[in-house]
>>> print(open('structure_12.csv').read())   # CSV, C-alpha atoms
chain,number,residue,atom,x,y,z
A,1,MET,CA,-125.7,75.9,33.4
A,2,ALA,CA,-125.2,75.4,29.6
A,3,LEU,CA,-126.9,77.2,26.8
A,4,THR,CA,-127.8,75.4,23.6
A,5,GLY,CA,-127.2,77.3,20.4
A,6,GLY,CA,-125.0,80.3,20.0
A,7,GLY,CA,-124.6,81.4,23.6
A,8,TRP,CA,-125.6,84.7,25.3
A,9,PRO,CA,-124.1,87.8,23.6
A,10,ILE,CA,-121.6,89.7,25.6
A,11,LEU,CA,-121.7,93.3,24.5
A,12,GLY,CA,-118.5,94.4,26.3
A,13,GLY,CA,-116.5,94.3,29.5
A,14,ALA,CA,-114.4,96.7,31.5
A,15,ARG,CA,-112.8,96.9,34.9
A,16,SER,CA,-111.1,99.3,37.2
A,17,ALA,CA,-107.4,99.0,38.0
A,18,VAL,CA,-106.6,96.8,41.0
A,19,ALA,CA,-104.9,98.5,43.9
A,20,PRO,CA,-103.8,97.0,47.2
A,21,VAL,CA,-105.7,97.9,50.3
A,22,GLY,CA,-104.7,101.3,51.5
A,23,GLY,CA,-103.7,102.4,48.0
A,24,ALA,CA,-105.1,104.7,45.3
A,25,LEU,CA,-108.7,103.3,45.6
A,26,SER,CA,-108.9,103.1,49.3
A,27,LYS,CA,-111.1,106.2,49.9
A,28,LEU,CA,-113.9,104.9,47.6
A,29,ALA,CA,-117.0,103.2,48.8
A,30,ILE,CA,-118.4,100.3,46.8
A,31,HIS,CA,-120.8,102.4,44.7
A,32,GLU,CA,-118.1,105.0,44.1
A,33,LEU,CA,-115.7,102.4,42.8
A,34,ALA,CA,-118.2,100.5,40.6
A,35,ALA,CA,-120.3,103.3,39.1
A,36,PRO,CA,-117.6,104.9,36.9
A,37,VAL,CA,-116.8,101.5,35.4
A,38,ILE,CA,-120.5,100.8,34.5
A,39,GLN,CA,-121.0,104.3,33.1
A,40,HIS,CA,-117.9,104.0,30.9
A,41,LEU,CA,-118.9,100.6,29.7
A,42,LEU,CA,-122.4,101.7,28.7
A,43,ALA,CA,-121.0,104.8,26.9
A,44,GLN,CA,-118.4,102.6,25.1
A,45,ILE,CA,-121.2,100.2,23.9
A,46,GLN,CA,-123.4,103.2,23.1
A,47,LEU,CA,-126.3,101.7,25.1
A,48,PRO,CA,-128.6,104.1,27.0
A,49,VAL,CA,-129.1,103.4,30.7
A,50,SER,CA,-132.8,103.0,30.0
A,51,ALA,CA,-132.0,99.8,28.1
A,52,VAL,CA,-130.7,98.0,31.2
A,53,ASP,CA,-133.2,95.7,32.8
A,54,ALA,CA,-131.2,94.4,35.8
A,55,LEU,CA,-127.9,94.6,37.7
A,56,VAL,CA,-126.4,91.5,39.3
A,57,LEU,CA,-123.4,92.3,41.6
A,58,GLY,CA,-120.9,90.1,43.3
A,59,ASN,CA,-119.6,91.4,46.6
A,60,ALA,CA,-118.1,89.6,49.7
A,61,LEU,CA,-117.2,92.2,52.3
A,62,GLY,CA,-120.0,94.9,52.0
A,63,ALA,CA,-121.7,93.2,55.0
A,64,ASN,CA,-124.7,95.5,55.0
A,65,GLY,CA,-127.8,96.4,52.9
A,66,ASN,CA,-127.8,95.6,49.2
A,67,PRO,CA,-124.7,97.0,47.5
A,68,ALA,CA,-126.1,96.2,44.1
A,69,ARG,CA,-128.9,98.7,44.6
A,70,MET,CA,-126.4,101.4,45.7
A,71,VAL,CA,-124.3,100.8,42.6
A,72,ALA,CA,-127.3,100.8,40.3
A,73,LEU,CA,-128.5,104.2,41.6
A,74,ALA,CA,-125.0,105.7,41.7
A,75,ALA,CA,-124.5,104.6,38.0
A,76,GLY,CA,-127.7,106.3,37.0
A,77,LEU,CA,-129.7,103.3,36.1
A,78,SER,CA,-133.5,103.5,36.2
A,79,THR,CA,-135.0,103.5,39.7
A,80,ALA,CA,-137.2,100.7,38.3
A,81,CYS,CA,-134.1,98.6,37.5
A,82,PRO,CA,-133.9,95.6,39.9
A,83,ALA,CA,-130.5,95.0,41.5
A,84,MET,CA,-129.3,91.9,43.4
A,85,THR,CA,-126.2,91.1,45.3
A,86,ILE,CA,-124.5,87.7,45.1
A,87,ASP,CA,-122.1,86.5,47.9
A,88,THR,CA,-120.2,83.3,47.2
A,89,GLN,CA,-117.0,85.0,48.4
A,90,CYS,CA,-114.2,84.8,45.8
A,91,CYS,CA,-116.6,83.3,43.3
A,92,SER,CA,-119.1,86.1,43.6
A,93,GLY,CA,-118.2,88.1,40.5
A,94,LEU,CA,-118.1,85.1,38.2
A,95,ASP,CA,-121.3,83.7,39.8
A,96,ALA,CA,-123.1,87.0,39.3
A,97,ILE,CA,-122.4,86.8,35.6
A,98,THR,CA,-123.9,83.3,35.5
A,99,GLN,CA,-127.0,84.5,37.4
A,100,ALA,CA,-127.4,87.3,34.9
A,101,CYS,CA,-127.5,84.7,32.1
A,102,GLY,CA,-130.3,83.0,34.1
A,103,LEU,CA,-132.3,86.2,34.0
A,104,LEU,CA,-131.9,86.3,30.2
A,105,ALA,CA,-132.9,82.6,29.9
A,106,LEU,CA,-136.0,83.0,32.0
A,107,GLY,CA,-137.1,86.0,30.0
A,108,GLN,CA,-137.0,88.3,33.0
A,109,ALA,CA,-134.5,90.6,31.3
A,110,GLN,CA,-133.2,91.6,27.9
A,111,VAL,CA,-130.1,93.5,29.0
A,112,VAL,CA,-128.2,92.8,32.2
A,113,ILE,CA,-125.1,94.3,33.7
A,114,ALA,CA,-123.2,91.8,35.9
A,115,GLY,CA,-119.8,91.5,37.6
A,116,GLY,CA,-118.2,92.3,41.0
A,117,VAL,CA,-116.8,95.0,43.1
A,118,GLU,CA,-114.8,95.0,46.4
A,119,ALA,CA,-113.9,98.1,48.3
A,120,TRP,CA,-111.8,96.1,50.8
A,121,SER,CA,-110.2,99.3,52.2
A,122,ARG,CA,-113.7,100.5,53.3
A,123,ALA,CA,-115.1,97.1,54.5
A,124,PRO,CA,-117.1,97.4,57.7
A,125,ILE,CA,-115.5,96.4,60.9
A,126,ARG,CA,-117.1,93.0,61.9
A,127,MET,CA,-118.0,92.1,65.4
A,128,HIS,CA,-119.9,89.2,67.0
A,129,ARG,CA,-122.8,90.4,69.1
A,130,PRO,CA,-122.6,89.4,72.8
A,131,VAL,CA,-124.7,86.4,73.9
A,132,GLN,CA,-124.8,87.0,77.6
A,133,PRO,CA,-125.3,90.3,79.4
A,134,GLY,CA,-122.0,92.0,80.4
A,135,GLU,CA,-120.1,90.2,77.6
A,136,ILE,CA,-118.0,92.3,75.2
A,137,ALA,CA,-118.5,92.2,71.4
A,138,GLN,CA,-115.7,90.3,69.7
A,139,ARG,CA,-114.1,91.7,66.6
A,140,TYR,CA,-113.3,89.2,63.8
A,141,GLU,CA,-111.7,89.3,60.4
A,142,GLN,CA,-112.9,86.1,58.8
A,143,PRO,CA,-116.4,84.7,59.2
A,144,ALA,CA,-117.0,81.0,59.4
A,145,PHE,CA,-117.1,79.2,56.1
A,146,ALA,CA,-118.0,75.7,57.3
A,147,PRO,CA,-119.9,74.6,60.5
A,148,PRO,CA,-118.8,71.7,62.7
A,149,PRO,CA,-117.9,68.9,62.2
A,150,PHE,CA,-116.1,70.3,59.1
A,151,ARG,CA,-112.7,71.9,59.6
A,152,ASP,CA,-112.7,75.6,58.8
A,153,PRO,CA,-109.1,76.7,58.6
A,154,ASP,CA,-107.7,80.2,58.1
A,155,MET,CA,-107.1,80.8,54.4
A,156,LEU,CA,-103.4,81.1,54.7
A,157,GLU,CA,-103.2,78.0,56.8
A,158,ALA,CA,-105.3,76.1,54.4
A,159,ALA,CA,-103.1,77.2,51.4
A,160,ALA,CA,-99.9,76.2,53.3
A,161,ASP,CA,-101.4,72.8,54.4
A,162,THR,CA,-102.4,72.1,50.8
A,163,ALA,CA,-98.9,72.9,49.5
A,164,GLN,CA,-97.5,70.6,52.1
A,165,HIS,CA,-99.9,67.8,51.3
A,166,LEU,CA,-99.2,68.0,47.6
A,167,GLY,CA,-95.4,68.5,48.0
A,168,ILE,CA,-95.4,71.9,46.3
A,169,SER,CA,-92.1,73.5,47.3
A,170,ARG,CA,-91.6,77.1,48.3
A,171,GLN,CA,-89.2,77.3,45.4
A,172,GLN,CA,-91.9,76.3,42.9
A,173,GLN,CA,-94.3,78.8,44.5
A,174,ASP,CA,-91.9,81.6,44.3
A,175,ALA,CA,-90.9,80.9,40.7
A,176,TYR,CA,-94.6,80.8,39.8
A,177,ALA,CA,-95.1,84.2,41.4
A,178,ILE,CA,-92.1,85.7,39.7
A,179,GLN,CA,-93.4,84.5,36.4
A,180,SER,CA,-96.9,86.0,37.0
A,181,HIS,CA,-95.4,89.4,37.8
A,182,GLN,CA,-93.1,89.2,34.8
A,183,HIS,CA,-96.0,88.3,32.4
A,184,ALA,CA,-98.1,91.2,33.8
A,185,MET,CA,-95.3,93.7,33.3
A,186,GLN,CA,-94.8,92.5,29.7
A,187,ALA,CA,-98.5,92.8,28.9
A,188,ALA,CA,-99.1,96.1,30.8
A,189,GLN,CA,-100.0,98.1,27.7
A,190,ARG,CA,-102.5,95.5,26.4
A,191,ILE,CA,-104.0,95.2,29.9
A,192,ALA,CA,-104.4,98.9,30.2
A,193,MET,CA,-106.9,98.9,27.3
A,194,GLU,CA,-109.5,97.1,29.5
A,195,ILE,CA,-109.1,99.4,32.4
A,196,VAL,CA,-111.4,102.4,33.1
A,197,PRO,CA,-109.5,105.1,35.1
A,198,VAL,CA,-111.1,105.5,38.5
A,199,ALA,CA,-109.8,108.0,41.0
A,200,GLY,CA,-107.0,108.8,38.6
A,201,LEU,CA,-105.7,105.2,38.5
A,202,ALA,CA,-105.4,103.7,35.1
A,203,ASN,CA,-103.0,100.7,35.7
A,204,ASP,CA,-102.7,97.8,38.1
A,205,THR,CA,-100.2,99.0,40.7
A,206,TYR,CA,-99.0,95.7,42.2
A,207,PRO,CA,-97.1,94.0,39.3
A,208,ARG,CA,-93.3,94.3,39.6
A,209,LEU,CA,-90.1,92.7,38.3
A,210,MET,CA,-88.5,90.5,41.0
A,211,LEU,CA,-85.1,88.8,41.4
A,212,ALA,CA,-85.2,85.2,42.4
A,213,GLN,CA,-82.4,85.7,44.9
A,214,ARG,CA,-84.3,88.5,46.7
A,215,VAL,CA,-87.6,86.6,46.7
A,216,ALA,CA,-85.8,83.6,48.3
A,217,ARG,CA,-84.9,85.9,51.3
A,218,MET,CA,-88.4,87.2,51.8
A,219,PRO,CA,-90.1,85.9,55.0
A,220,ALA,CA,-92.4,82.9,55.1
A,221,ILE,CA,-96.0,83.6,56.3
A,222,GLN,CA,-96.6,79.9,57.0
A,223,HIS,CA,-93.8,77.4,57.6
A,224,ARG,CA,-94.4,73.9,56.3
A,225,LEU,CA,-92.1,70.9,55.7
A,226,HIS,CA,-93.1,67.9,53.6
A,227,ASP,CA,-92.5,64.4,54.9
A,228,THR,CA,-89.5,64.3,52.6
A,229,GLY,CA,-88.0,67.4,54.2
A,230,LEU,CA,-89.0,69.6,51.3
A,231,ASP,CA,-89.6,73.2,52.3
A,232,CYS,CA,-93.3,73.9,51.3
A,233,SER,CA,-93.6,77.1,53.2
A,234,LEU,CA,-95.9,79.9,52.0
A,235,SER,CA,-94.0,83.1,51.3
A,236,VAL,CA,-95.1,86.7,51.0
A,237,VAL,CA,-94.9,86.7,47.2
A,238,GLY,CA,-97.0,83.5,46.9
A,239,ILE,CA,-100.1,85.3,48.1
A,240,SER,CA,-102.4,87.6,46.2
A,241,PRO,CA,-102.6,90.7,48.3
A,242,LYS,CA,-105.8,92.2,49.7
A,243,ALA,CA,-107.1,94.7,47.1
A,244,ASP,CA,-109.8,97.0,45.8
A,245,GLY,CA,-111.3,96.7,42.3
A,246,ALA,CA,-114.4,96.3,40.1
A,247,ALA,CA,-115.2,94.6,36.9
A,248,PHE,CA,-118.4,94.3,34.8
A,249,VAL,CA,-119.8,92.9,31.5
A,250,VAL,CA,-123.0,93.7,29.7
A,251,LEU,CA,-125.0,90.7,28.5
A,252,ALA,CA,-128.1,90.7,26.3
A,253,THR,CA,-130.5,88.6,24.3
A,254,PRO,CA,-130.1,88.4,20.5
A,255,GLN,CA,-133.4,90.3,20.3
A,256,ALA,CA,-132.0,93.1,22.4
A,257,CYS,CA,-128.9,93.3,20.2
A,258,GLU,CA,-131.1,93.7,17.1
A,259,ARG,CA,-133.4,96.2,18.8
A,260,TRP,CA,-130.5,98.5,19.9
A,261,ASN,CA,-128.3,97.8,16.9
A,262,LEU,CA,-125.5,96.4,19.0
A,263,GLN,CA,-122.5,94.3,17.9
A,264,PRO,CA,-121.5,91.7,20.5
A,265,GLN,CA,-117.9,91.1,21.3
A,266,ALA,CA,-118.1,87.5,22.6
A,267,ARG,CA,-120.5,84.7,23.6
A,268,TRP,CA,-121.1,83.3,27.1
A,269,LEU,CA,-121.3,79.6,26.4
A,270,ASP,CA,-121.4,77.7,29.7
A,271,SER,CA,-120.6,77.9,33.4
A,272,LEU,CA,-120.2,75.4,36.1
A,273,SER,CA,-120.0,75.8,39.9
A,274,GLN,CA,-119.1,72.9,42.2
A,275,GLY,CA,-118.3,72.4,45.9
A,276,SER,CA,-115.4,70.4,47.4
A,277,SER,CA,-113.7,70.0,50.7
A,278,PRO,CA,-113.8,73.2,52.8
A,279,GLU,CA,-110.5,72.2,54.3
A,280,ALA,CA,-108.7,72.8,50.9
A,281,PRO,CA,-110.6,75.6,49.3
A,282,MET,CA,-107.9,76.5,46.7
A,283,LEU,CA,-108.3,73.1,45.1
A,284,SER,CA,-112.1,73.6,44.5
A,285,VAL,CA,-111.5,75.2,41.1
A,286,ILE,CA,-110.1,71.9,39.7
A,287,GLY,CA,-113.4,70.1,39.6
A,288,PRO,CA,-115.5,72.6,37.6
A,289,VAL,CA,-112.6,73.3,35.2
A,290,LYS,CA,-112.2,69.6,34.4
A,291,SER,CA,-116.0,69.1,34.1
A,292,LEU,CA,-116.4,72.1,31.8
A,293,LEU,CA,-113.5,71.0,29.5
A,294,GLN,CA,-115.0,67.4,29.3
A,295,ARG,CA,-118.4,68.7,28.6
A,296,HIS,CA,-117.2,70.7,25.6
A,297,ARG,CA,-114.5,68.1,24.6
A,298,LEU,CA,-111.7,70.6,25.0
A,299,HIS,CA,-108.1,70.2,26.0
A,300,PRO,CA,-106.7,73.1,28.1
A,301,LYS,CA,-103.9,73.5,25.5
A,302,GLN,CA,-106.7,74.4,22.9
A,303,LEU,CA,-107.8,77.4,24.9
A,304,SER,CA,-106.8,80.8,23.5
A,305,ALA,CA,-107.0,82.3,27.0
A,306,PHE,CA,-107.1,80.5,30.4
A,307,GLU,CA,-107.6,82.9,33.3
A,308,LEU,CA,-107.4,81.6,36.8
A,309,HIS,CA,-107.7,84.0,39.7
A,310,ASP,CA,-104.9,82.5,41.7
A,311,ALA,CA,-105.1,83.7,45.2
A,312,PHE,CA,-102.1,81.6,46.0
A,313,ALA,CA,-99.2,80.4,43.9
A,314,GLY,CA,-99.8,76.8,45.0
A,315,GLN,CA,-103.3,77.1,43.5
A,316,GLY,CA,-102.1,77.7,40.0
A,317,LEU,CA,-99.5,74.9,40.4
A,318,ALA,CA,-102.0,72.4,41.6
A,319,LEU,CA,-104.5,73.2,38.8
A,320,CYS,CA,-101.8,72.8,36.1
A,321,ASP,CA,-100.6,69.6,37.7
A,322,ALA,CA,-104.2,68.2,37.8
A,323,LEU,CA,-104.7,69.1,34.1
A,324,GLY,CA,-101.2,67.9,33.0
A,325,ILE,CA,-100.2,71.3,31.6
A,326,SER,CA,-97.4,73.8,32.0
A,327,THR,CA,-97.9,76.9,34.1
A,328,ARG,CA,-97.3,78.9,30.9
A,329,CYS,CA,-100.7,77.7,29.7
A,330,ILE,CA,-102.6,79.8,32.2
A,331,ASN,CA,-102.6,83.5,33.0
A,332,ARG,CA,-100.3,84.3,30.0
A,333,GLN,CA,-100.5,88.0,30.9
A,334,GLY,CA,-100.2,87.5,34.6
A,335,GLY,CA,-102.8,86.5,37.1
A,336,GLY,CA,-104.4,87.5,40.3
A,337,LEU,CA,-101.2,86.8,42.1
A,338,ALA,CA,-99.6,89.8,40.3
A,339,ARG,CA,-102.7,92.0,40.5
A,340,GLY,CA,-104.2,91.6,44.0
A,341,HIS,CA,-107.4,90.0,45.3
A,342,PRO,CA,-110.5,92.2,45.5
A,343,ILE,CA,-112.5,89.2,46.6
A,344,GLY,CA,-116.0,89.8,45.2
A,345,ALA,CA,-114.5,91.2,41.9
A,346,SER,CA,-111.7,88.7,41.3
A,347,GLY,CA,-113.7,86.3,39.3
A,348,ALA,CA,-115.3,89.0,37.1
A,349,ILE,CA,-111.8,90.5,36.5
A,350,ALA,CA,-110.6,87.1,35.3
A,351,LEU,CA,-113.5,87.0,32.9
A,352,VAL,CA,-112.9,90.5,31.6
A,353,ARG,CA,-109.2,89.5,31.2
A,354,ALA,CA,-110.3,86.5,29.1
A,355,LEU,CA,-112.7,88.6,27.1
A,356,SER,CA,-110.1,91.1,26.1
A,357,GLN,CA,-107.9,88.3,24.8
A,358,ILE,CA,-110.4,86.5,22.6
A,359,LYS,CA,-112.9,89.1,21.3
A,360,HIS,CA,-110.9,89.5,18.1
A,361,ALA,CA,-109.9,85.8,17.8
A,362,HIS,CA,-111.0,83.1,15.4
A,363,PRO,CA,-114.7,82.2,15.9
A,364,GLN,CA,-113.6,78.7,17.0
A,365,ALA,CA,-111.4,80.1,19.8
A,366,ARG,CA,-112.4,79.3,23.4
A,367,ALA,CA,-111.5,80.8,26.7
A,368,ILE,CA,-112.0,79.9,30.4
A,369,ALA,CA,-112.2,82.2,33.4
A,370,CYS,CA,-112.2,80.4,36.8
A,371,VAL,CA,-111.9,81.0,40.5
A,372,ALA,CA,-112.0,79.1,43.8
A,373,GLY,CA,-113.8,80.4,46.9
A,374,ALA,CA,-113.7,80.1,50.7
A,375,GLY,CA,-115.7,77.2,52.0
A,376,GLY,CA,-114.7,75.0,49.1
A,377,LEU,CA,-116.5,76.5,46.1
A,378,GLY,CA,-115.3,76.7,42.6
A,379,THR,CA,-116.6,78.3,39.4
A,380,ALA,CA,-115.5,78.1,35.8
A,381,THR,CA,-117.0,79.9,32.7
A,382,LEU,CA,-116.5,79.2,29.0
A,383,LEU,CA,-116.4,82.0,26.5
A,384,ALA,CA,-116.1,82.3,22.7
A,385,PRO,CA,-115.6,85.2,20.2
A,386,TRP,CA,-118.8,86.4,18.6
>>> encode(input="structure_12.csv", output="structure tokens")
Amino acid sequence: MALTGGGWPILGGARSAVAPVGGALSKLAIHELAAPVIQHLLAQIQLPVSAVDALVLGNALGANGNPARMVALAAGLSTACPAMTIDTQCCSGLDAITQACGLLALGQAQVVIAGGVEAWSRAPIRMHRPVQPGEIAQRYEQPAFAPPPFRDPDMLEAAADTAQHLGISRQQQDAYAIQSHQHAMQAAQRIAMEIVPVAGLANDTYPRLMLAQRVARMPAIQHRLHDTGLDCSLSVVGISPKADGAAFVVLATPQACERWNLQPQARWLDSLSQGSSPEAPMLSVIGPVKSLLQRHRLHPKQLSAFELHDAFAGQGLALCDALGISTRCINRQGGGLARGHPIGASGAIALVRALSQIKHAHPQARAIACVAGAGGLGTATLLAPW
């Protein structure tokens, strides 16, 4: 979905901190986690709740009702404000923002709040209903993401298989993870400026400084050997941990900006979603990123910010290899690997991270936020300063 002209105005963006499951945000339901971020964002922009025409919410684990409606009411939006929930798993938050732009383009809204939230700690317990009388309901953690005859592997197995297939060593994965945490620690003060305190938490809690020798001794979650004998195992530090978090942006038409006397921070320029093999979901981000760069005649080294939500270290390494760039070109202030993975919010958090880095940049600057999702989906979004 591309917009001709100047792009949709982004009035602002904000997020909660990200905390691992069972941490500081673990007692909050979806609406309790999201509402304070939205309220703070509207106050920061100085936009009344009555100006909001719609809420589009990405969520993957709510599994009941319409979480967007709960969030809209909890945030104090008008009872007349429509609210819709998007579930494309890890891509949900970023796809929700694209869908919000669709509402603006169709003339169905003038101001839209969009983003994602995941209260993974409070996710409902999932069970398959019995088929035959006398059968017992079966609990499950991961739903099916692809029907037969497609292979539908566990996410950890898929990540390890992909690393093995591409010859990405455990040593490379561990070094990438260490770098991500290091960058996040170095940028902690700048990152804190985009975070709205929720439940007393004002900083991402997972980033830490790690020694390579200690990381090398950590256990492998999935053991893999390449045909050459190279150890391509997936270690603990190479996985973005399960987490809770929320992130939102406010988008508007130029007419709404004029009406409410609002100064945009950035422009939403374009977004692209594509599917790929469900067997290697972490590679599904490569296609949309490449296509988006080609469509706008950009080289990744020209980007002022390049935010990938990397659920796995091998994912970041594979993307950089496909683009022919160094890992230092992406997630310059640490990525999802150092934050955690609140599934439905992860893509929106990547976009808020990109927004915070370019809103004061040169008008010709560009930024990409991107994410891959279970089932072989990928989404990439292009931003520019206002």
>>> atom_distance(input="structure_12.csv", atom1="CA of Arg224 in chain A", atom2="CA of Pro278 in chain A")
19.7 Å
>>> residues_around(input="structure_12.csv", residues="range 100-106 of chain A", least_positions_apart="6", cutoff="8 Å", atoms="all atoms listed in the file", output="short mmCIF file (atom, residue, chain, number, x, y, z; two decimals) with C-alpha atoms, in the coordinates of the input")
data_model
loop_
_atom_site.label_atom_id
_atom_site.label_comp_id
_atom_site.auth_asym_id
_atom_site.auth_seq_id
_atom_site.Cartn_x
_atom_site.Cartn_y
_atom_site.Cartn_z
CA TRP A 8 -125.60 84.70 25.30
CA LEU A 55 -127.90 94.60 37.70
CA VAL A 56 -126.40 91.50 39.30
CA VAL A 112 -128.20 92.80 32.20
CA ILE A 113 -125.10 94.30 33.70
CA ALA A 114 -123.20 91.80 35.90
CA LEU A 251 -125.00 90.70 28.50
CA ALA A 252 -128.10 90.70 26.30
CA THR A 253 -130.50 88.60 24.30
#
>>> closest_atom_pairs(input="structure_12.csv", of="range 301-381 of chain A", to="range 173-197 of chain A", cutoff="12 Å", atoms="all atoms listed in the file", output="CSV")
residue,atom,partner,partner_atom,distance
A:Glu307,CA,A:Ser180,CA,11.7
A:Leu308,CA,A:Ser180,CA,11.4
A:His309,CA,A:Ser180,CA,11.3
A:Asp310,CA,A:Ser180,CA,9.9
A:Ala311,CA,A:Ala177,CA,10.7
A:Phe312,CA,A:Gln173,CA,8.4
A:Ala313,CA,A:Gln173,CA,5.2
A:Gly314,CA,A:Gln173,CA,5.9
A:Gln315,CA,A:Gln173,CA,9.2
A:Gly316,CA,A:Tyr176,CA,8.1
A:Leu317,CA,A:Gln173,CA,7.7
A:Ala318,CA,A:Gln173,CA,10.4
A:Cys320,CA,A:Tyr176,CA,11.4
A:Ser326,CA,A:Tyr176,CA,10.8
A:Thr327,CA,A:Tyr176,CA,7.7
A:Arg328,CA,A:Gln179,CA,8.8
A:Cys329,CA,A:Ser180,CA,11.7
A:Ile330,CA,A:Ser180,CA,9.7
A:Asn331,CA,A:Ser180,CA,7.4
A:Arg332,CA,A:His183,CA,6.3
A:Gln333,CA,A:His183,CA,4.8
A:Gly334,CA,A:Ala184,CA,4.3
A:Gly335,CA,A:Ser180,CA,5.9
A:Gly336,CA,A:Ser180,CA,8.3
A:Leu337,CA,A:Ala177,CA,6.7
A:Ala338,CA,A:His181,CA,4.9
A:Arg339,CA,A:Ala184,CA,8.2
A:Gly340,CA,A:His181,CA,11.0
A:Ile349,CA,A:Glu194,CA,9.9
A:Ala350,CA,A:Glu194,CA,11.6
A:Leu351,CA,A:Glu194,CA,11.4
A:Val352,CA,A:Glu194,CA,7.7
A:Arg353,CA,A:Glu194,CA,7.8
A:Ala354,CA,A:Glu194,CA,10.6
A:Leu355,CA,A:Glu194,CA,9.4
A:Ser356,CA,A:Glu194,CA,6.9
A:Gln357,CA,A:Arg190,CA,9.1
A:Lys359,CA,A:Glu194,CA,11.9
>>> atom_distance(input="structure_12.csv", atom1="CA of Pro124 in chain A", atom2="CA of Leu77 in chain A")
25.7 Å
>>> closest_residue(input="structure_12.csv", among="A:Ala34, A:Ala220, A:Ala43, A:Met84", to="Ile97 in chain A", atoms="all atoms listed in the file")
A:Met84
>>> residues_near_point(input="structure_12.csv", point="(-114.4, 70.9, 39.9)", cutoff="12 Å", atoms="all atoms listed in the file", output="CSV table (one decimal) with C-alpha atoms, keeping the file's coordinate frame")
chain,number,residue,atom,x,y,z
A,271,SER,CA,-120.6,77.9,33.4
A,272,LEU,CA,-120.2,75.4,36.1
A,273,SER,CA,-120.0,75.8,39.9
A,274,GLN,CA,-119.1,72.9,42.2
A,275,GLY,CA,-118.3,72.4,45.9
A,276,SER,CA,-115.4,70.4,47.4
A,277,SER,CA,-113.7,70.0,50.7
A,281,PRO,CA,-110.6,75.6,49.3
A,282,MET,CA,-107.9,76.5,46.7
A,283,LEU,CA,-108.3,73.1,45.1
A,284,SER,CA,-112.1,73.6,44.5
A,285,VAL,CA,-111.5,75.2,41.1
A,286,ILE,CA,-110.1,71.9,39.7
A,287,GLY,CA,-113.4,70.1,39.6
A,288,PRO,CA,-115.5,72.6,37.6
A,289,VAL,CA,-112.6,73.3,35.2
A,290,LYS,CA,-112.2,69.6,34.4
A,291,SER,CA,-116.0,69.1,34.1
A,292,LEU,CA,-116.4,72.1,31.8
A,293,LEU,CA,-113.5,71.0,29.5
A,294,GLN,CA,-115.0,67.4,29.3
A,319,LEU,CA,-104.5,73.2,38.8
A,322,ALA,CA,-104.2,68.2,37.8
A,323,LEU,CA,-104.7,69.1,34.1
A,370,CYS,CA,-112.2,80.4,36.8
A,371,VAL,CA,-111.9,81.0,40.5
A,372,ALA,CA,-112.0,79.1,43.8
A,373,GLY,CA,-113.8,80.4,46.9
A,376,GLY,CA,-114.7,75.0,49.1
A,377,LEU,CA,-116.5,76.5,46.1
A,378,GLY,CA,-115.3,76.7,42.6
A,379,THR,CA,-116.6,78.3,39.4
A,380,ALA,CA,-115.5,78.1,35.8
A,381,THR,CA,-117.0,79.9,32.7
>>> closest_residue(input="structure_12.csv", among="A:Gly344, A:Ile168, A:Pro148, A:Leu73", to="Gly93 in chain A", atoms="all atoms listed in the file")
A:Gly344
>>> closest_residue(input="structure_12.csv", among="A:Ala24, A:Val117, A:Leu166, A:Ala256", to="Asp53 in chain A", atoms="only C-alpha atoms")
A:Ala256
>>> atom_distance(input="structure_12.csv", atom1="CA of Leu230 in chain A", atom2="CA of Gln171 in chain A")
9.7 Å
>>> closest_residue(input="structure_12.csv", among="A:Arg208, A:Ala345, A:Ala266, A:Arg366", to="Ile86 in chain A", atoms="all atoms listed in the file")
A:Ala345
>>> closest_residue(input="structure_12.csv", among="A:Gln44, A:Ser304, A:Asn59, A:Gln263", to="His31 in chain A", atoms="only C-alpha atoms")
A:Asn59
>>> residues_near_point(input="structure_12.csv", point="(-129.0, 100.7, 29.5)", cutoff="9 Å", atoms="all atoms listed in the file", output="list in words")
Leu42, Gln46, Leu47, Pro48, Val49, Ser50, Ala51, Val52, Asp53, Leu77, Ser78, Val111, Val112 and Ile113 of chain A
>>> closest_residue(input="structure_12.csv", among="A:Ser26, A:Gln132, A:Gln89, A:Thr205", to="Ala63 in chain A", atoms="only C-alpha atoms")
A:Gln89
